[in-house]
Each structure stands twice: as structure tokens, then as C-alpha cells.
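Here the structure comes first, spelled out in C-alpha cells, and everything after it is commentary.
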Amino acid sequence: MSEQGQTQTSRRTVVVLNGPNLNLLGEREPHIYGHETLADVEAMCAARAGELGWTLDFRQTNHEGVLIDAVHEVRHDAVGVVINAGGWTHTSVAIRDALTNVSGPVVEVHISDIHAREAFRSHSYISDIADDVIVGRGTAGYLEALDAIRARVAPSRPPA
């Protein structure tokens with residue numbers, strides 16, 4: 001959901017947050033990020049969230065404070081948070097600090113392999129506080145992130 005259409009989350013809601021320039025997904029450097037749009041990613045995530053019994057709160061913003069406010073808003077209520085902080089991954093201690101207050105699992109996602117790109121992209125302020133980090137898996141990494149949250153919040157079952 002865009003920053004204009006924010007909704008209150010619940011414990012049955014998984015939140016996917018996207019940072020700067022991801023609104024240009026599909027047209028910005030498709031040789032790196034592919035041809036799928038952010039709307040395509042949202043549709044994929046909504047379908048997977050539904051399969052997992054969750055609703056989806058999907059947001060993108062190009063404004064750092066708006067992203068921090070979104071983390072604050074959902075920190076206690078979301079089943080988990082998937083974050084692709086884009087360029088803020090490498091620069092924002094403030095986003096990292098906000099994410100430390102999320103009560104559910106946090107999964108960091110990057111469409112490209114940030115470790116195989118420019119040297120400045122190899123450092124993430126988020127990775128050390130994330131429960132899982134998924135890089136270089138294309139947009140399918142978002143689905144892997146939802147599955148990682150499910151694995152962390154699913155009640156353990158006794159062996160059959």
C-alpha cells in the first residue's frame with residue numbers, strides 16, 4: 001500500500017516496506033533489477049500472504065522519515081516486517097534503530113546482490129539486527145522473506 005493509503009496493522013498482518021527509487025522498479029536499471037514493477041511485487045506478496053493466512057500492508061516511500069514513521073506504527077502489531085530499504089541500507093542508522101523496536105521478525109531483502117556491486121553497497125546498517133537477510137534473489141526474494149517470517153512465527157510441531 002502506498003504511503004498515502006496507510007492502514008492500521010494487526011497481528012495477522014505482514015508488513016513490506018520499500019525505500020527510495022523502488023517505485024521505479026521495472027524501468028530503473030532493468031539489467032540489475034529486472035522488468036517486474038513494484039505493483040507486480042505487491043501482487044506476488046499479497047498472494048503469498050493470503051496463502052499464509054495473513055493480510056498484507058505494502059508501502060513504498062522516497063522519504064526517510066516516512067519510512068521510520070511506518071516502522072514505528074507497525075512495530076508492535078505486525079506478524080513481521082520485510083524491508084527493502086534501498087539506498088538507505090548503506091546510510092541510515094535511524095532506520096536501523098527504528099527496526100530494533102519491531103516485536104516480530106524483521107527480514108532484510110535486496111533484489112540485487114549488494115555484495116557483488118559497488119563497494120559502498122556491501123555494508124548494510126540493517127543486516128546485523130535483521131532475523132534474516134535475502135540478497136540477489138530478484139523479486140522472488142520478497143516471497144522468500146515472507147516464508148522466513150512464517151518459519152519464525154509458526155508454532156513448532158512435534159515430529160510425526
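The way I read the labels, and the way they are meant: chains A, B, ... in the order of the C-alpha cells, residue 1 as the first residue of every chain, and ligand 1 as the first ligand shown, with later ones counted on from there.
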Exercise. Please provide as a VMD selection string all residues within 12 Å of range 28-41 of chain A, with the sequence filter that same-chain residues fewer than 6 positions apart are discarded (counting only C-alpha atoms).
Key: chain A and resid 1 to 2 16 to 22 47 to 49 56 58 to 61 84 86 110 to 114 116 to 117 135 to 143
Requested in this report: Write out as a VMD selection string which residues come within 8 Å of Pro105 in chain A when counting only C-alpha atoms, dropping same-chain ones fewer than 4 positions away.
Outcome: chain A and resid 79 to 81 130 to 131 149 152 to 153
Subject >> Test item: residues at most 7 Å from range 92-104 of chain A, only C-alpha atoms, excluding those fewer than 5 positions along its chain, as a list in words >> reply: Ile68, Val71, His72, Arg75, His76, Ala78, Val79, Gly80, Tyr125, Ile126 and Ile129 of chain A
Any chance you can output those residues with C-alpha atoms as a PDB file, in the first residue's frame?
ATOM      1  CA  ILE A  68      10.772   5.461  10.070  1.00  0.00           C
ATOM      2  CA  VAL A  71       8.215   1.182  11.304  1.00  0.00           C
ATOM      3  CA  HIS A  72       7.072   2.931  14.479  1.00  0.00           C
ATOM      4  CA  ARG A  75       6.357  -2.230  15.475  1.00  0.00           C
ATOM      5  CA  HIS A  76       4.041  -3.983  17.956  1.00  0.00           C
ATOM      6  CA  ALA A  78       2.715  -6.793  12.623  1.00  0.00           C
ATOM      7  CA  VAL A  79       3.376 -10.510  12.460  1.00  0.00           C
ATOM      8  CA  GLY A  80       6.685  -9.492  10.852  1.00  0.00           C
ATOM      9  CA  TYR A 125      23.263  -0.991   8.688  1.00  0.00           C
ATOM     10  CA  ILE A 126      20.275  -3.351   8.843  1.00  0.00           C
ATOM     11  CA  ILE A 129      19.722  -6.591  13.521  1.00  0.00           C
TER      12      ILE A 129
END
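Of note, CA of Gly53 in chain A and CA of Val15 in chain A are spaced 13.5 Å apart.
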Here CA of Val107 in chain A and CA of Leu67 in chain A stand apart by 15.3 Å
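For the choices A:Gly50, A:Ala43, A:Ala145, A:Ala85, the atom-to-atom distance to Val66 in chain A is smallest for A:Ala85 when using only C-alpha atoms.
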